[in-house]
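What follows is the content of input_8.txt, which has compact mmCIF, C-alpha atoms and all ligand atoms:
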```txt
# COMPACT_ATOMS: atom_id res chain seq x y z
CA MET A 12 0.00 0.00 0.00
CA ASN A 13 1.36 3.42 -0.81
CA THR A 14 2.02 6.09 1.76
CA ALA A 15 -0.97 8.21 0.94
CA GLY A 16 -3.20 5.18 1.27
CA ARG A 17 -1.71 4.33 4.64
CA LEU A 18 -2.32 7.80 5.92
CA GLY A 19 -5.81 7.65 4.60
CA LEU A 20 -6.41 4.56 6.63
CA TYR A 21 -5.39 6.35 9.77
CA GLY A 22 -7.97 8.93 8.95
CA ALA A 23 -10.62 6.32 8.37
CA GLY A 24 -9.87 3.89 11.12
CA LEU A 25 -7.22 4.08 13.74
CA ALA A 26 -7.24 7.82 14.17
CA ALA A 27 -10.82 7.43 15.16
CA ALA A 28 -9.55 6.49 18.56
CA PHE A 29 -6.00 7.70 18.78
CA ALA A 30 -4.62 11.01 17.84
CA VAL A 31 -2.08 10.64 15.07
CA ALA A 32 1.09 12.64 15.28
CA PHE A 33 2.55 12.25 11.85
CA GLY A 34 2.28 15.88 10.93
CA ALA A 35 0.25 14.82 7.94
CA ALA A 36 -3.13 16.28 8.72
CA GLY A 37 -3.30 17.75 5.25
CA LEU A 38 -3.14 14.27 3.81
CA VAL A 39 -5.40 12.70 6.36
CA ALA A 40 -8.21 15.16 6.06
CA PRO A 41 -9.21 14.73 2.41
CA ARG A 42 -8.83 10.98 2.63
CA GLU A 43 -11.06 10.89 5.62
CA ALA A 44 -13.63 12.85 3.71
CA ALA A 45 -13.39 10.31 0.92
CA ALA A 46 -13.94 7.52 3.39
CA GLN A 47 -17.04 9.20 4.68
CA SER A 48 -18.29 9.68 1.18
CA ALA A 49 -17.80 5.99 0.54
CA GLN A 50 -19.67 5.16 3.71
CA GLN A 51 -22.55 7.33 2.74
CA GLU A 52 -23.02 5.43 -0.49
CA HIS A 53 -23.72 2.25 1.43
CA SER A 54 -26.81 1.62 3.42
CA THR A 55 -26.17 -1.31 5.72
CA PRO A 56 -24.18 -1.13 8.94
CA GLN A 57 -22.04 -4.11 7.85
CA GLU A 58 -20.96 -2.40 4.72
CA GLU A 59 -20.25 0.79 6.57
CA ASN A 60 -18.23 -0.98 9.21
CA GLY A 61 -16.30 -2.68 6.47
CA MET A 62 -15.36 0.66 5.06
CA ASN A 63 -13.77 1.78 8.30
CA GLY A 64 -10.11 1.34 7.57
CA HIS A 65 -10.61 -0.66 4.42
CA ASP A 66 -9.80 0.76 1.09
CA ALA A 67 -12.21 3.50 1.88
CA HIS A 68 -9.91 6.02 0.31
CA GLY A 69 -11.08 7.22 -3.05
CA SER A 70 -10.11 10.47 -4.64
CA ALA A 71 -10.09 13.47 -2.39
CA ALA A 72 -12.14 15.49 -4.83
CA GLN A 73 -14.87 12.88 -4.76
CA GLY A 74 -14.95 12.96 -1.01
CA GLU A 75 -15.12 16.69 -0.68
CA SER A 76 -17.86 17.11 -3.22
CA ALA A 77 -20.16 14.55 -1.67
CA HIS A 78 -19.31 15.36 1.89
CA GLY A 79 -21.79 16.97 4.19
CA ALA A 80 -24.94 16.02 2.40
CA HIS A 81 -25.69 12.93 4.46
CA ALA A 82 -23.35 13.30 7.38
CA ALA A 83 -25.94 12.16 9.88
CA ALA A 84 -26.12 8.76 8.19
CA GLU A 85 -22.47 7.87 8.53
CA THR A 86 -21.25 5.41 11.09
CA THR A 87 -18.07 5.30 13.08
CA ALA A 88 -15.62 2.61 14.15
CA GLY A 89 -15.59 0.55 17.29
CA VAL A 90 -19.12 -0.79 17.38
CA SER A 91 -18.54 -4.41 16.35
CA LEU A 92 -16.50 -7.39 17.55
CA ALA A 93 -15.65 -8.25 13.95
CA ALA A 94 -14.44 -5.94 11.22
CA GLY A 95 -11.95 -5.89 8.39
CA GLY A 96 -11.53 -9.67 8.45
CA TYR A 97 -10.57 -9.80 12.13
CA THR A 98 -12.48 -10.81 15.24
CA LEU A 99 -11.97 -9.90 18.87
CA GLY A 100 -12.28 -13.21 20.71
CA PRO A 101 -13.95 -13.60 24.09
CA VAL A 102 -12.51 -11.37 26.78
CA SER A 103 -11.47 -13.09 30.00
CA ALA A 104 -11.53 -10.78 33.01
CA PRO A 105 -12.29 -10.77 36.73
CA VAL A 106 -16.03 -11.20 37.17
CA ALA A 107 -16.40 -9.01 40.24
CA VAL A 108 -15.12 -5.78 41.69
CA GLY A 109 -11.89 -5.91 43.65
CA VAL A 110 -10.73 -9.30 42.37
CA GLN A 111 -7.12 -9.22 41.20
CA ALA A 112 -6.73 -11.30 38.07
CA THR A 113 -5.89 -10.95 34.41
CA LEU A 114 -7.73 -9.45 31.51
CA SER A 115 -6.93 -11.37 28.34
CA PHE A 116 -8.15 -11.98 24.83
CA ARG A 117 -7.00 -12.94 21.37
CA ILE A 118 -7.43 -11.39 17.98
CA LEU A 119 -8.49 -13.95 15.38
CA ASP A 120 -8.00 -13.75 11.65
CA GLY A 121 -10.42 -14.83 8.95
CA SER A 122 -9.54 -18.50 9.41
CA GLY A 123 -9.99 -18.35 13.18
CA ALA A 124 -6.26 -18.44 13.88
CA PRO A 125 -4.86 -16.08 16.52
CA VAL A 126 -2.98 -13.09 15.16
CA THR A 127 0.59 -12.97 16.45
CA ALA A 128 2.19 -10.32 14.23
CA TYR A 129 1.19 -6.69 14.32
CA THR A 130 2.25 -3.37 12.90
CA PRO A 131 2.79 -0.80 15.67
CA GLN A 132 0.47 2.20 15.69
CA HIS A 133 1.47 5.13 17.89
CA GLU A 134 4.37 3.13 19.28
CA LYS A 135 2.24 0.16 20.37
CA ASP A 136 1.08 -3.06 18.70
CA LEU A 137 -2.32 -2.82 20.35
CA HIS A 138 -4.17 -0.17 22.29
CA LEU A 139 -6.79 -1.26 24.77
CA ILE A 140 -9.55 1.08 25.84
CA VAL A 141 -11.93 0.00 28.57
CA VAL A 142 -14.85 2.18 29.51
CA ARG A 143 -18.06 1.60 31.42
CA SER A 144 -21.23 1.97 29.41
CA ASP A 145 -22.09 5.23 31.16
CA GLY A 146 -18.72 6.69 30.20
CA ALA A 147 -17.22 6.41 33.65
CA GLN A 148 -14.25 4.23 34.56
CA PHE A 149 -12.13 4.95 31.51
CA ARG A 150 -8.80 3.21 30.99
CA HIS A 151 -6.36 3.28 28.11
CA VAL A 152 -3.67 0.64 28.54
CA HIS A 153 -1.25 -1.54 26.60
CA PRO A 154 -1.38 -5.27 27.30
CA THR A 155 1.42 -7.73 26.58
CA LEU A 156 1.36 -10.19 23.70
CA ASP A 157 2.35 -13.82 24.08
CA ALA A 158 3.63 -14.28 20.56
CA GLY A 159 3.41 -18.05 20.88
CA THR A 160 -0.33 -18.15 21.50
CA GLY A 161 -1.49 -14.75 20.30
CA THR A 162 -2.92 -14.02 23.75
CA TRP A 163 -2.90 -10.43 24.95
CA SER A 164 -2.97 -10.02 28.71
CA ILE A 165 -2.65 -7.44 31.45
CA PRO A 166 -3.13 -7.61 35.21
CA TRP A 167 -6.60 -6.35 35.96
CA THR A 168 -8.83 -5.30 38.83
CA TRP A 169 -12.22 -3.67 38.42
CA ASP A 170 -12.86 -0.64 40.60
CA ALA A 171 -16.59 -0.56 40.00
CA ALA A 172 -19.38 -2.83 38.83
CA GLY A 173 -21.28 -2.38 35.62
CA SER A 174 -21.31 -3.15 31.95
CA TYR A 175 -18.05 -2.33 30.22
CA ARG A 176 -16.96 -1.94 26.64
CA VAL A 177 -13.52 -3.22 25.74
CA PHE A 178 -11.99 -1.76 22.58
CA ALA A 179 -8.95 -3.28 20.86
CA ASP A 180 -7.27 -0.98 18.38
CA PHE A 181 -4.56 -2.56 16.26
CA ALA A 182 -3.23 -3.31 12.82
CA ALA A 183 -2.38 -6.92 12.06
CA ASP A 184 0.85 -7.25 10.12
CA GLY A 185 0.14 -6.29 6.53
CA ALA A 186 -3.46 -5.30 7.23
CA ASP A 187 -5.32 -2.07 7.83
CA PRO A 188 -6.00 -0.75 11.35
CA VAL A 189 -9.28 -1.77 12.92
CA THR A 190 -11.09 -1.12 16.18
CA LEU A 191 -12.98 -4.09 17.60
CA THR A 192 -15.13 -4.13 20.69
CA ARG A 193 -16.86 -6.46 23.14
CA THR A 194 -18.95 -6.08 26.24
CA VAL A 195 -17.80 -7.34 29.64
CA GLU A 196 -20.09 -7.49 32.66
CA VAL A 197 -18.78 -6.88 36.15
CA ALA A 198 -20.93 -8.08 39.02
CA GLY A 199 -21.77 -5.85 41.94
CA SER A 200 -23.87 -2.89 42.87
CA PHE A 201 -23.96 -0.53 39.91
CA ALA A 202 -24.89 3.13 40.20
CA PRO A 203 -24.78 4.51 36.67
CA VAL A 204 -23.61 8.04 36.17
CA VAL A 205 -25.66 10.26 33.89
CA PRO A 206 -23.08 12.16 31.85
CA ALA A 207 -23.68 15.89 32.14
CA THR A 208 -21.92 18.30 29.85
CA SER A 209 -18.59 19.32 31.27
CA ALA A 210 -15.83 21.30 29.57
CA ARG A 211 -13.57 21.74 32.57
CA THR A 212 -12.11 19.26 34.99
CA SER A 213 -9.44 18.83 37.61
CA VAL A 214 -6.99 15.94 37.76
CA ASP A 215 -4.12 15.66 40.25
CA GLY A 216 -4.27 19.38 40.98
CA LEU A 217 -4.20 20.28 37.29
CA ASP A 218 -7.05 22.20 35.72
CA VAL A 219 -7.86 21.03 32.23
CA ALA A 220 -10.34 22.78 29.97
CA ILE A 221 -11.66 21.91 26.55
CA THR A 222 -12.88 24.61 24.19
CA GLY A 223 -14.47 24.44 20.77
CA ASP A 224 -17.87 23.57 19.38
CA LEU A 225 -18.78 20.16 18.05
CA VAL A 226 -20.90 20.35 14.92
CA ALA A 227 -22.33 17.23 13.32
CA GLY A 228 -20.94 16.51 9.89
CA SER A 229 -18.00 18.84 10.32
CA SER A 230 -14.47 18.73 11.52
CA SER A 231 -14.51 20.62 14.79
CA GLU A 232 -11.38 22.06 16.33
CA LEU A 233 -11.01 21.29 20.00
CA THR A 234 -8.35 22.84 22.21
CA LEU A 235 -7.28 21.28 25.47
CA THR A 236 -5.62 23.67 27.91
CA VAL A 237 -3.72 22.56 31.00
CA ARG A 238 -3.15 24.91 33.93
CA ARG A 239 -1.82 24.57 37.45
CA ASP A 240 -2.86 27.15 40.03
CA GLY A 241 -4.06 29.34 37.21
CA ALA A 242 -0.71 29.30 35.42
CA PRO A 243 -0.33 27.73 31.98
CA VAL A 244 1.51 24.41 32.01
CA THR A 245 4.13 24.50 29.26
CA THR A 246 6.00 21.31 30.06
CA LEU A 247 3.64 18.71 28.63
CA GLN A 248 5.68 15.70 27.52
CA PRO A 249 5.34 13.44 24.51
CA TYR A 250 3.21 10.38 25.10
CA LEU A 251 2.97 7.74 22.39
CA GLY A 252 4.44 10.17 19.91
CA ALA A 253 2.21 13.15 20.56
CA PHE A 254 1.61 15.81 23.19
CA GLY A 255 -1.68 14.24 24.07
CA HIS A 256 -4.24 11.77 22.84
CA LEU A 257 -7.92 12.34 22.65
CA VAL A 258 -10.29 9.41 22.71
CA ALA A 259 -13.84 10.38 21.86
CA LEU A 260 -16.91 8.18 22.16
CA ARG A 261 -20.49 8.83 21.19
CA GLU A 262 -22.90 8.47 24.08
CA GLY A 263 -25.47 5.83 23.28
CA ASP A 264 -23.36 3.36 21.32
CA LEU A 265 -19.83 4.34 22.37
CA ALA A 266 -18.78 4.60 18.74
CA TYR A 267 -15.51 6.35 18.09
CA LEU A 268 -15.19 9.77 16.63
CA HIS A 269 -12.58 10.69 14.13
CA VAL A 270 -9.98 12.68 16.04
CA HIS A 271 -6.80 14.11 14.58
CA PRO A 272 -4.10 16.16 16.27
CA GLU A 273 -3.28 19.55 14.92
CA GLY A 274 0.07 21.23 15.20
CA ALA A 275 3.57 19.80 15.11
CA ALA A 276 4.55 16.41 16.47
CA PRO A 277 7.10 16.38 19.31
CA ALA A 278 10.58 17.13 17.98
CA GLY A 279 12.05 14.49 20.26
CA ALA A 280 11.61 12.61 23.51
CA ASP A 281 12.71 15.66 25.49
CA ALA A 282 10.44 18.09 23.68
CA THR A 283 7.79 19.89 25.69
CA SER A 284 4.65 21.79 24.84
CA GLY A 285 1.61 23.42 26.34
CA PRO A 286 -0.59 24.71 27.69
CA ASP A 287 -2.69 24.09 24.56
CA VAL A 288 -3.07 20.84 22.64
CA ARG A 289 -5.33 20.99 19.60
CA PHE A 290 -7.35 18.31 17.85
CA ALA A 291 -9.76 18.12 14.99
CA ALA A 292 -12.71 15.91 15.91
CA HIS A 293 -15.10 14.67 13.29
CA VAL A 294 -18.55 14.38 14.79
CA PRO A 295 -20.92 12.18 12.79
CA THR A 296 -24.20 13.06 14.48
CA ALA A 297 -25.71 15.57 16.86
CA GLY A 298 -25.87 14.48 20.48
CA ARG A 299 -23.63 13.91 23.44
CA TYR A 300 -19.99 12.83 23.32
CA LEU A 301 -17.58 11.55 25.93
CA LEU A 302 -14.00 12.75 25.56
CA TYR A 303 -10.88 11.49 27.30
CA PHE A 304 -7.64 13.44 27.05
CA ASP A 305 -4.49 11.50 27.92
CA PHE A 306 -1.47 13.68 28.54
CA GLN A 307 1.90 13.31 30.24
CA LEU A 308 3.43 15.68 32.73
CA ASP A 309 6.37 15.09 35.09
CA GLY A 310 6.57 11.54 33.79
CA THR A 311 3.02 10.67 34.73
CA VAL A 312 0.20 10.04 32.27
CA ARG A 313 -3.13 11.45 33.35
CA THR A 314 -6.59 11.39 31.87
CA ALA A 315 -8.97 14.33 31.87
CA SER A 316 -12.60 13.53 31.01
CA PHE A 317 -15.15 15.79 29.37
CA VAL A 318 -18.69 15.62 28.04
CA LEU A 319 -19.72 17.81 25.13
CA ASP A 320 -22.90 18.16 23.11
CA ALA A 321 -22.69 18.36 19.34
CA GLU A 322 -25.14 20.52 17.51
CA ASP A 323 -26.91 19.55 14.33
CA GLY A 324 -24.75 20.49 11.38
CA ALA A 325 -27.60 20.81 8.87
CA GLY A 326 -27.27 23.93 6.81
CA LYS A 327 -23.83 24.67 8.12
CA THR A 328 -20.74 24.91 5.98
CA PRO A 329 -19.32 21.42 6.05
CA HIS A 330 -15.86 20.21 6.67
CA GLN A 331 -13.24 22.88 7.11
CA HIS A 332 -9.94 21.21 7.88
CU CU B 401 -2.72 3.19 23.50
```
Mind turning the file's structure into structure tokens?
Ligand SMILES: [Cu+2]
Amino acid sequence: MNTAGRLGLYGAGLAAAFAVAFGAAGLVAPREAAAQSAQQEHSTPQEENGMNGHDAHGSAAQGESAHGAHAAAETTAGVSLAAGGYTLGPVSAPVAVGVQATLSFRILDGSGAPVTAYTPQHEKDLHLIVVRSDGAQFRHVHPTLDAGTGTWSIPWTWDAAGSYRVFADFAADGADPVTLTRTVEVAGSFAPVVPATSARTSVDGLDVAITGDLVAGSSSELTLTVRRDGAPVTTLQPYLGAFGHLVALREGDLAYLHVHPEGAAPAGADATSGPDVRFAAHVPTAGRYLLYFDFQLDGTVRTASFVLDAEDGAGKTPHQH
């Protein structure tokens, strides 16, 4: 696959969950639009899922011309346990809160054989996102692969009961990136949280704010700003090749948004940035979205959570990257 195609796939698939720091937003954007155009020409969810990360890149001109007309009909990644020829096998995990055990699973190929060779994305072979169905209890971790059996595992303890979605984001060797998901139930008393809109939060004494408006069918610029005691934090460190990663999920089905970083990638491991980190988020539909900003400061990775409402994009100028 050529380079432009590869980048296009990030736009269509992997970047849905993980901010890409290749400094190639100009390439990603039109390809993503093409992918959406391709999705809009299909009517069934299967077909649309199949397009996520799969040769969904047509000509940029095609994508731009058709884009915006049926934005509300498009689907996003991360809503199926099978996509792109790969299947997320059953997830083994502790069944109750507080039990220390292992979370493990395998990725299976089209013949049912476990996948043991991967192409790293954002410095990792596989990214694991675990989030409760109400958007609480978010984790973004990197399990270990047993290359002999294809089993991914990580020590695991649930902090709270409920119904969880596990997302595996990866690219099998020689294949396109996909995001697969399964549900895991955790026994115990469950008090669901009703996500209320929130554009400001505090984590470990740091104040983190998100600004920008989400508009359905458009690429919306979001800016994350980190402050400590009112002062801008300018020493954000690279984490997985970027100055921050934004995972965005749609409330209701926990589908992934398309999120791309804006601005330059870190110049090196010692590079620092801040207080602003910018992303372009592609919101498919109006409604509520859950956003999780992972960033590193003083050697520690933290997650700041937000809830934003997207407005209906009908009649608005579509897609300004
Ligand atoms: Cu990751």
### Task
Could you report the residues within 10 Å of ligand CU 401 (chain B), using all atoms listed in the file, as a list in words?
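For ligand CU 401 (chain B), the residues inside 10 Å are Ala28, Phe29, Ala30, Gln132, His133, Glu134, Lys135, Asp136, Leu137, His138, Leu139, Ile140, Arg150, His151, Val152, His153, Pro154, Ala179, Asp180, Phe181, Tyr250, Leu251, His256, Val258 and Asp305 of chain A.
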### Query
Using all atoms listed in the file, which residues sit within 10 Å of Leu225 (chain A) once same-chain residues fewer than 5 positions away are excluded, as a ChimeraX atom specification?
/A:230-233,291-300,319-324
### Message
Calculated over all atoms listed in the file, which of the candidates A:Phe306, A:Tyr175, A:Phe290, A:Tyr129 has the smallest distance to Gly274 (chain A)?
### Response
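Using all atoms listed in the file, Gly274 (chain A) sits closest to A:Phe290.
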### Task
Would you mind listing what lies within 7 Å of Phe317 (chain A) as a PyMOL selection string, with all atoms listed in the file counted and same-chain residues fewer than 3 positions away left out?
chain A and resi 209-211+301-303
#### Entry: Using only C-alpha atoms: which of A:Leu156, A:Ala183, A:Val142, A:Ala275 has the shortest distance to Phe254 (chain A)
A:Ala275
### Task
Find the distance between CA of Asp184 (chain A) and CA of Leu92 (chain A) and write it in Å to one decimal.
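If I compute the distance from CA of Asp184 (chain A) to CA of Leu92 (chain A), I get 18.9 Å.
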### Query
Between CA of Gly173 (chain A) and CA of Ala266 (chain A), what is the distance, to one decimal in Å?
18.4 Å
### Task
Counting all atoms listed in the file, figure out which residue out of A:Glu262, A:Asp215, A:Asp145, A:Asp281 gets nearest to Thr311 (chain A).
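Comparing A:Glu262, A:Asp215, A:Asp145, A:Asp281 against Thr311 (chain A), the winner is A:Asp215.
Counting all atoms listed in the file, Pro105 (chain A) has the following residues at most 10 Å away, ignoring those fewer than 5 positions along the same chain: Val110, Gln111, Ala112, Thr113, Leu114, Ser115, Pro166, Trp167, Thr168, Trp169, Val195, Glu196, Val197 and Ala198 of chain A.
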